[in-house]
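> Please read through the structure below; I'll follow up with questions.
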Amino acid sequence: MQESAISSVRSFDMKKSASKLKKQSMPPSRDDLRFKVFLASVALHSTLGTCDRLRTACGIVNNKRLRGIGYNGSVSGLPHCDEEGHLMADNHCIRTRHGEVNAITNTDRKDIRDGQAIVIATPCLDCAKDLAEEGIRRIDYVGRYENSLGKQHLAELAKQKGIELVNHEVDWADFFQELFDLLTQKGGMLKNAGYRLKVTKESLPDNYSL
Ligand SMILES: [Zn+2]
Ligand SMILES: [Zn+2]
């Protein structure tokens with residue numbers, strides 16, 4: 001038996017707490033695995049984000065395929081936050097194009113319509129509006145970002161547009177361990193490597209900051 005590394009709050013009520021982790025005894029179904037692999041791809045892309053207040057990313061999924069990904073970064077050719085510092089207005093950094101906007105730019109419009117967005121942390125209202133305008137039917141956002149501009153209006157926008165809005169809480173150590181294990185199992189690319197990749201959790205000192 002293992003616990004699922006993901007618990008979801010499928011709701012329009014942003015105040016609902018995460019539901020208890022469901023027990024999962026079988027390997028992930030293909031649909032479940034597909035979502036996890038896409039989420040892992042988006043999570044890894046977030047490391048390319050250039051605003052070091054929050055490096056984030058968004059993937060667009062349609063018809064079981066990851067159609068495009070974007071991360072937050074400056075307009076091409078302009079300096080990035082992690083090089084030149086942030087461009088602040090009202091406690092928000094406004095230097096970057098957000099991951100969702102870049103994902104839209106990077107994806108064929110026909111592949112966005114009726115699709116699903118996977119977003120690291122709470123999308124801001126402007127990005128949610130852009131996704132809505134392009135015809136996204138579902139937004140899965142993983143983790144939360146309390147400083148996300150206009151987040152208190154997200155649920156209403158989703159309801160008005162008929163968009164399914166789902167928040168996921170992820171235990172990332174369990175999440176990546178499950179995927180690493182698959183790499184070493186039958187047919188996996190590390191099946192003959194002779195070692196296992198092991199995620200370990202280490203507590204950081206209280207004064208730790210990025
Ligand atoms: Zn910034
Ligand atoms: Zn945004």
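Note on naming: chains are A, B, ... as they come in the structure tokens, residues start from 1 per chain, ligands start from 1 in the order shown.
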Could you give me the residues within stretch 21-92 of chain A that DSSP places in helix (DSSP H, G or I), as a tab-separated table (two decimals) with C-alpha atoms, in the first residue's frame?

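Full text of states_36.tsv as output:
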```
chain	number	residue	atom	x	y	z
A	30	ARG	CA	-2.39	5.31	-17.36
A	31	ASP	CA	-4.46	8.48	-17.00
A	32	ASP	CA	-3.11	9.06	-13.50
A	33	LEU	CA	0.46	8.47	-14.63
A	34	ARG	CA	-0.01	10.74	-17.62
A	35	PHE	CA	-1.14	13.58	-15.38
A	36	LYS	CA	1.80	13.02	-13.03
A	37	VAL	CA	4.34	12.98	-15.84
A	38	PHE	CA	2.86	16.16	-17.34
A	39	LEU	CA	2.88	17.77	-13.91
A	40	ALA	CA	6.50	16.73	-13.40
A	41	SER	CA	7.36	18.26	-16.77
A	42	VAL	CA	5.69	21.53	-15.81
A	43	ALA	CA	7.35	21.49	-12.38
A	44	LEU	CA	10.79	21.02	-13.96
A	45	HIS	CA	10.11	23.79	-16.44
A	46	SER	CA	9.38	26.13	-13.54
A	47	THR	CA	13.11	26.05	-12.75
A	48	LEU	CA	13.61	27.99	-16.00
A	81	CYS	CA	14.64	39.51	-12.49
A	82	ASP	CA	17.35	37.10	-11.37
A	83	GLU	CA	19.91	39.23	-13.24
A	84	GLU	CA	18.70	42.80	-12.71
```
> With a distance cut-off of 12 Å and only C-alpha atoms, select the neighbouring residues of A:Asp140, excluding the residue or stretch itself and same-chain residues fewer than 2 positions from it, and output the selection as JSON, numbers by chain.
{"A": [6, 7, 8, 9, 10, 11, 35, 36, 38, 39, 42, 58, 59, 60, 61, 115, 116, 117, 118, 119, 120, 121, 122, 123, 128, 131, 136, 137, 138, 142, 143, 144, 158, 163, 164, 165, 166, 167, 168, 169]}
> Output C-alpha atoms for every residue in that selection, as a compact mmCIF listing (two decimals), in the first residue's frame.

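Listing of selection_26.txt after writing:
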```txt
# COMPACT_ATOMS: atom_id res chain seq x y z
CA ILE A 6 -1.40 14.01 -4.71
CA SER A 7 -4.54 15.10 -2.97
CA SER A 8 -6.93 17.32 -4.83
CA VAL A 9 -9.44 19.87 -3.77
CA ARG A 10 -11.92 19.98 -6.60
CA SER A 11 -13.83 23.01 -5.74
CA PHE A 35 -1.14 13.58 -15.38
CA LYS A 36 1.80 13.02 -13.03
CA PHE A 38 2.86 16.16 -17.34
CA LEU A 39 2.88 17.77 -13.91
CA VAL A 42 5.69 21.53 -15.81
CA CYS A 58 2.12 26.24 -17.06
CA GLY A 59 1.45 23.33 -19.38
CA ILE A 60 -1.43 23.02 -21.84
CA VAL A 61 -2.88 19.53 -22.24
CA GLY A 115 -7.96 21.90 -23.14
CA GLN A 116 -6.59 21.70 -19.65
CA ALA A 117 -4.00 23.96 -18.03
CA ILE A 118 -1.61 22.61 -15.40
CA VAL A 119 -0.19 25.49 -13.40
CA ILE A 120 2.42 25.63 -10.65
CA ALA A 121 0.87 27.70 -7.83
CA THR A 122 -2.23 29.87 -7.87
CA PRO A 123 -2.78 31.55 -11.23
CA ALA A 128 -6.97 32.90 -15.73
CA LEU A 131 -6.83 30.95 -20.42
CA ILE A 136 -9.56 26.28 -21.55
CA ARG A 137 -12.08 23.97 -19.87
CA ARG A 138 -10.12 22.98 -16.77
CA VAL A 142 -0.64 22.77 -7.75
CA GLY A 143 0.24 24.43 -4.50
CA ARG A 144 -0.77 27.98 -3.72
CA ALA A 158 -14.25 29.82 -13.32
CA ILE A 163 -14.15 26.07 -16.09
CA GLU A 164 -13.34 23.27 -13.69
CA LEU A 165 -10.88 24.67 -11.15
CA VAL A 166 -8.93 22.08 -9.19
CA ASN A 167 -6.29 22.69 -6.55
CA HIS A 168 -3.80 19.94 -5.74
CA GLU A 169 -1.60 19.57 -2.71
```
> Would you give me, as a Markdown table, each residue of chain A having an atom within 8 Å of an atom of ligand 2, along with its shortest atom pair and that distance in Å to one decimal, using only C-alpha atoms and all ligand atoms and sorting by chain and residue number?

```
| residue | atom | partner | partner_atom_place_in_ligand_line | distance |
| --- | --- | --- | --- | --- |
| A:Arg97 | CA | ligand 2 | 1 (Zn) | 7.7 |
| A:His98 | CA | ligand 2 | 1 (Zn) | 4.9 |
| A:Gly99 | CA | ligand 2 | 1 (Zn) | 6.9 |
| A:Glu100 | CA | ligand 2 | 1 (Zn) | 6.4 |
| A:Val101 | CA | ligand 2 | 1 (Zn) | 7.3 |
| A:Pro123 | CA | ligand 2 | 1 (Zn) | 5.2 |
| A:Cys124 | CA | ligand 2 | 1 (Zn) | 4.1 |
| A:Leu125 | CA | ligand 2 | 1 (Zn) | 6.6 |
| A:Asp126 | CA | ligand 2 | 1 (Zn) | 5.8 |
| A:Cys127 | CA | ligand 2 | 1 (Zn) | 4.2 |
| A:Ala128 | CA | ligand 2 | 1 (Zn) | 7.2 |
| A:Ser148 | CA | ligand 2 | 1 (Zn) | 7.5 |
| A:Leu149 | CA | ligand 2 | 1 (Zn) | 7.7 |
```
> Could you list, as a compact mmCIF listing (two decimals) with N, CA and C atoms, in the first residue's frame, all the residues within 7 Å of ligand 1, counting only C-alpha atoms and all ligand atoms?

```txt
# COMPACT_ATOMS: atom_id res chain seq x y z
N CYS A 51 11.88 34.94 -12.59
CA CYS A 51 11.55 35.79 -11.44
C CYS A 51 11.76 34.95 -10.19
N ASP A 52 12.78 35.29 -9.41
CA ASP A 52 13.09 34.44 -8.26
C ASP A 52 12.29 34.81 -7.01
N ARG A 53 11.23 35.58 -7.19
CA ARG A 53 10.19 35.62 -6.13
C ARG A 53 9.37 34.34 -6.23
N CYS A 81 14.64 39.18 -13.92
CA CYS A 81 14.64 39.51 -12.49
C CYS A 81 15.86 38.95 -11.79
N GLY A 85 17.19 42.26 -10.89
CA GLY A 85 16.28 42.59 -9.81
C GLY A 85 14.86 42.72 -10.32
N HIS A 86 13.93 42.81 -9.40
CA HIS A 86 12.52 42.82 -9.75
C HIS A 86 12.06 44.21 -10.18
N LEU A 87 10.94 44.25 -10.84
CA LEU A 87 10.30 45.51 -11.21
C LEU A 87 8.98 45.55 -10.44
N CYS A 93 5.73 41.77 -8.58
CA CYS A 93 6.76 41.97 -9.60
C CYS A 93 6.07 41.91 -10.96
N ILE A 94 6.27 42.96 -11.75
CA ILE A 94 5.57 43.04 -13.04
C ILE A 94 6.54 42.94 -14.21
N ARG A 95 7.76 42.45 -13.95
CA ARG A 95 8.74 42.38 -15.04
C ARG A 95 8.43 41.27 -16.04
N THR A 96 7.92 40.14 -15.54
CA THR A 96 7.83 38.96 -16.41
C THR A 96 6.46 38.81 -17.08
```
> Please report the interatomic distance between atom CA of A:Asn62 and atom CA of A:Lys110 in Å with one decimal.
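Going from atom CA of A:Asn62 over to atom CA of A:Lys110, I get 9.5 Å.
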> Between A:Asp171, A:Glu202, A:Asp114, A:Asp108, which is the closest to A:Ala132 once you count only C-alpha atoms?
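That would be A:Asp114, the residue with the smallest distance to A:Ala132.
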> If DSSP is run on the backbone, what residues of stretch 18-170 of chain A are strand (DSSP E or B)? A reply as a ChimeraX atom specification would be ideal.
/A:23-24,57-62,65-71,73,88-89,92-93,97,116-120,138-142,164-170
> Could you write out the selected residues, including N, CA and C atoms, as an mmCIF file, in the first residue's frame?

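Final file, part.cif:
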```cif
data_model
loop_
_atom_site.group_PDB
_atom_site.id
_atom_site.type_symbol
_atom_site.label_atom_id
_atom_site.label_comp_id
_atom_site.auth_asym_id
_atom_site.auth_seq_id
_atom_site.Cartn_x
_atom_site.Cartn_y
_atom_site.Cartn_z
ATOM 1 N N LYS A 23 -5.916 6.311 -0.008
ATOM 2 C CA LYS A 23 -5.041 5.157 -0.103
ATOM 3 C C LYS A 23 -5.059 4.637 -1.535
ATOM 4 N N GLN A 24 -3.902 4.229 -1.999
ATOM 5 C CA GLN A 24 -3.812 3.727 -3.359
ATOM 6 C C GLN A 24 -2.953 2.482 -3.340
ATOM 7 N N ALA A 57 5.421 27.831 -13.867
ATOM 8 C CA ALA A 57 5.237 27.371 -15.237
ATOM 9 C C ALA A 57 3.818 26.868 -15.423
ATOM 10 N N CYS A 58 3.465 26.708 -16.694
ATOM 11 C CA CYS A 58 2.118 26.240 -17.055
ATOM 12 C C CYS A 58 2.245 25.319 -18.258
ATOM 13 N N GLY A 59 1.519 24.216 -18.231
ATOM 14 C CA GLY A 59 1.452 23.327 -19.384
ATOM 15 C C GLY A 59 0.025 23.274 -19.906
ATOM 16 N N ILE A 60 -0.112 23.141 -21.217
ATOM 17 C CA ILE A 60 -1.431 23.019 -21.835
ATOM 18 C C ILE A 60 -1.580 21.586 -22.344
ATOM 19 N N VAL A 61 -2.627 20.928 -21.870
ATOM 20 C CA VAL A 61 -2.880 19.528 -22.243
ATOM 21 C C VAL A 61 -4.178 19.463 -23.036
ATOM 22 N N ASN A 62 -4.153 18.682 -24.083
ATOM 23 C CA ASN A 62 -5.383 18.463 -24.855
ATOM 24 C C ASN A 62 -5.313 17.093 -25.498
ATOM 25 N N ARG A 65 -2.374 14.797 -24.681
ATOM 26 C CA ARG A 65 -1.013 15.184 -25.048
ATOM 27 C C ARG A 65 -0.663 16.533 -24.440
ATOM 28 N N LEU A 66 0.598 16.665 -24.062
ATOM 29 C CA LEU A 66 1.095 17.942 -23.571
ATOM 30 C C LEU A 66 1.430 18.789 -24.790
ATOM 31 N N ARG A 67 0.637 19.826 -25.007
ATOM 32 C CA ARG A 67 0.734 20.580 -26.268
ATOM 33 C C ARG A 67 1.723 21.738 -26.213
ATOM 34 N N GLY A 68 1.944 22.260 -25.028
ATOM 35 C CA GLY A 68 2.865 23.389 -24.926
ATOM 36 C C GLY A 68 3.116 23.729 -23.467
ATOM 37 N N ILE A 69 4.260 24.344 -23.221
ATOM 38 C CA ILE A 69 4.633 24.737 -21.855
ATOM 39 C C ILE A 69 5.195 26.151 -21.908
ATOM 40 N N GLY A 70 4.954 26.911 -20.863
ATOM 41 C CA GLY A 70 5.609 28.212 -20.728
ATOM 42 C C GLY A 70 6.020 28.425 -19.287
ATOM 43 N N TYR A 71 7.052 29.221 -19.087
ATOM 44 C CA TYR A 71 7.456 29.593 -17.726
ATOM 45 C C TYR A 71 7.546 31.111 -17.646
ATOM 46 N N GLY A 73 9.037 34.630 -17.489
ATOM 47 C CA GLY A 73 10.294 35.264 -17.877
ATOM 48 C C GLY A 73 10.033 36.602 -18.542
ATOM 49 N N MET A 88 8.983 46.260 -9.327
ATOM 50 C CA MET A 88 7.889 46.135 -8.372
ATOM 51 C C MET A 88 6.822 47.215 -8.555
ATOM 52 N N ALA A 89 5.590 46.806 -8.389
ATOM 53 C CA ALA A 89 4.453 47.726 -8.340
ATOM 54 C C ALA A 89 3.432 47.118 -7.393
ATOM 55 N N HIS A 92 3.823 43.581 -6.221
ATOM 56 C CA HIS A 92 3.868 42.518 -7.228
ATOM 57 C C HIS A 92 5.022 42.817 -8.180
ATOM 58 N N CYS A 93 5.734 41.774 -8.579
ATOM 59 C CA CYS A 93 6.757 41.971 -9.600
ATOM 60 C C CYS A 93 6.074 41.909 -10.963
ATOM 61 N N ARG A 97 6.496 38.124 -18.187
ATOM 62 C CA ARG A 97 5.276 37.506 -18.710
ATOM 63 C C ARG A 97 5.086 36.212 -17.921
ATOM 64 N N GLN A 116 -6.825 21.681 -21.085
ATOM 65 C CA GLN A 116 -6.589 21.697 -19.646
ATOM 66 C C GLN A 116 -5.265 22.423 -19.403
ATOM 67 N N ALA A 117 -5.249 23.290 -18.417
ATOM 68 C CA ALA A 117 -4.001 23.961 -18.026
ATOM 69 C C ALA A 117 -3.517 23.380 -16.709
ATOM 70 N N ILE A 118 -2.239 23.048 -16.651
ATOM 71 C CA ILE A 118 -1.612 22.610 -15.401
ATOM 72 C C ILE A 118 -0.653 23.718 -14.980
ATOM 73 N N VAL A 119 -0.900 24.278 -13.815
ATOM 74 C CA VAL A 119 -0.186 25.491 -13.400
ATOM 75 C C VAL A 119 0.496 25.232 -12.060
ATOM 76 N N ILE A 120 1.744 25.683 -11.946
ATOM 77 C CA ILE A 120 2.417 25.630 -10.651
ATOM 78 C C ILE A 120 2.004 26.867 -9.855
ATOM 79 N N ARG A 138 -10.485 23.454 -18.116
ATOM 80 C CA ARG A 138 -10.115 22.984 -16.774
ATOM 81 C C ARG A 138 -8.749 23.557 -16.409
ATOM 82 N N ILE A 139 -8.638 24.017 -15.175
ATOM 83 C CA ILE A 139 -7.346 24.500 -14.667
ATOM 84 C C ILE A 139 -6.993 23.694 -13.427
ATOM 85 N N ASP A 140 -5.883 22.980 -13.489
ATOM 86 C CA ASP A 140 -5.334 22.280 -12.324
ATOM 87 C C ASP A 140 -4.160 23.104 -11.823
ATOM 88 N N TYR A 141 -4.270 23.638 -10.610
ATOM 89 C CA TYR A 141 -3.112 24.366 -10.084
ATOM 90 C C TYR A 141 -2.612 23.668 -8.840
ATOM 91 N N VAL A 142 -1.286 23.622 -8.748
ATOM 92 C CA VAL A 142 -0.637 22.773 -7.749
ATOM 93 C C VAL A 142 0.097 23.648 -6.750
ATOM 94 N N GLU A 164 -13.580 24.054 -14.894
ATOM 95 C CA GLU A 164 -13.336 23.271 -13.686
ATOM 96 C C GLU A 164 -12.012 23.725 -13.083
ATOM 97 N N LEU A 165 -12.063 24.133 -11.830
ATOM 98 C CA LEU A 165 -10.882 24.670 -11.149
ATOM 99 C C LEU A 165 -10.510 23.710 -10.037
ATOM 100 N N VAL A 166 -9.318 23.119 -10.140
ATOM 101 C CA VAL A 166 -8.929 22.080 -9.189
ATOM 102 C C VAL A 166 -7.586 22.432 -8.569
ATOM 103 N N ASN A 167 -7.549 22.456 -7.250
ATOM 104 C CA ASN A 167 -6.290 22.689 -6.545
ATOM 105 C C ASN A 167 -5.742 21.359 -6.049
ATOM 106 N N HIS A 168 -4.454 21.158 -6.202
ATOM 107 C CA HIS A 168 -3.798 19.936 -5.735
ATOM 108 C C HIS A 168 -2.741 20.284 -4.699
ATOM 109 N N GLU A 169 -2.709 19.507 -3.655
ATOM 110 C CA GLU A 169 -1.595 19.571 -2.712
ATOM 111 C C GLU A 169 -0.730 18.349 -2.970
ATOM 112 N N VAL A 170 0.525 18.563 -3.195
ATOM 113 C CA VAL A 170 1.414 17.471 -3.586
ATOM 114 C C VAL A 170 2.536 17.301 -2.560
#
```
> Between atom CA of A:Leu154 and atom CA of A:Glu133, what distance in Å does the model show, to one decimal?
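Interatomic distance, atom CA of A:Leu154 to atom CA of A:Glu133: 13.8 Å.
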> Could you pull the residues within 10 Å of A:Leu182, counting only C-alpha atoms, minus those fewer than 6 positions along the same chain, as a VMD selection string?
chain A and resid 27 176 188 to 191
> For C-alpha atoms, I'd like the residues from the last selection saved as a compact mmCIF listing (two decimals), in the first residue's frame.

```
# COMPACT_ATOMS: atom_id res chain seq x y z
CA PRO A 27 0.24 1.26 -9.70
CA PHE A 176 9.15 12.25 -7.57
CA GLY A 188 12.49 1.60 -17.46
CA MET A 189 15.49 3.48 -18.80
CA LEU A 190 17.40 2.78 -15.55
CA LYS A 191 16.36 -0.85 -15.25
```
> When you count only C-alpha atoms, which of these residues is closest to A:Phe175: A:Lys198, A:Gly162, A:Thr107, A:Gly150?
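The closest residue to A:Phe175 is A:Lys198.
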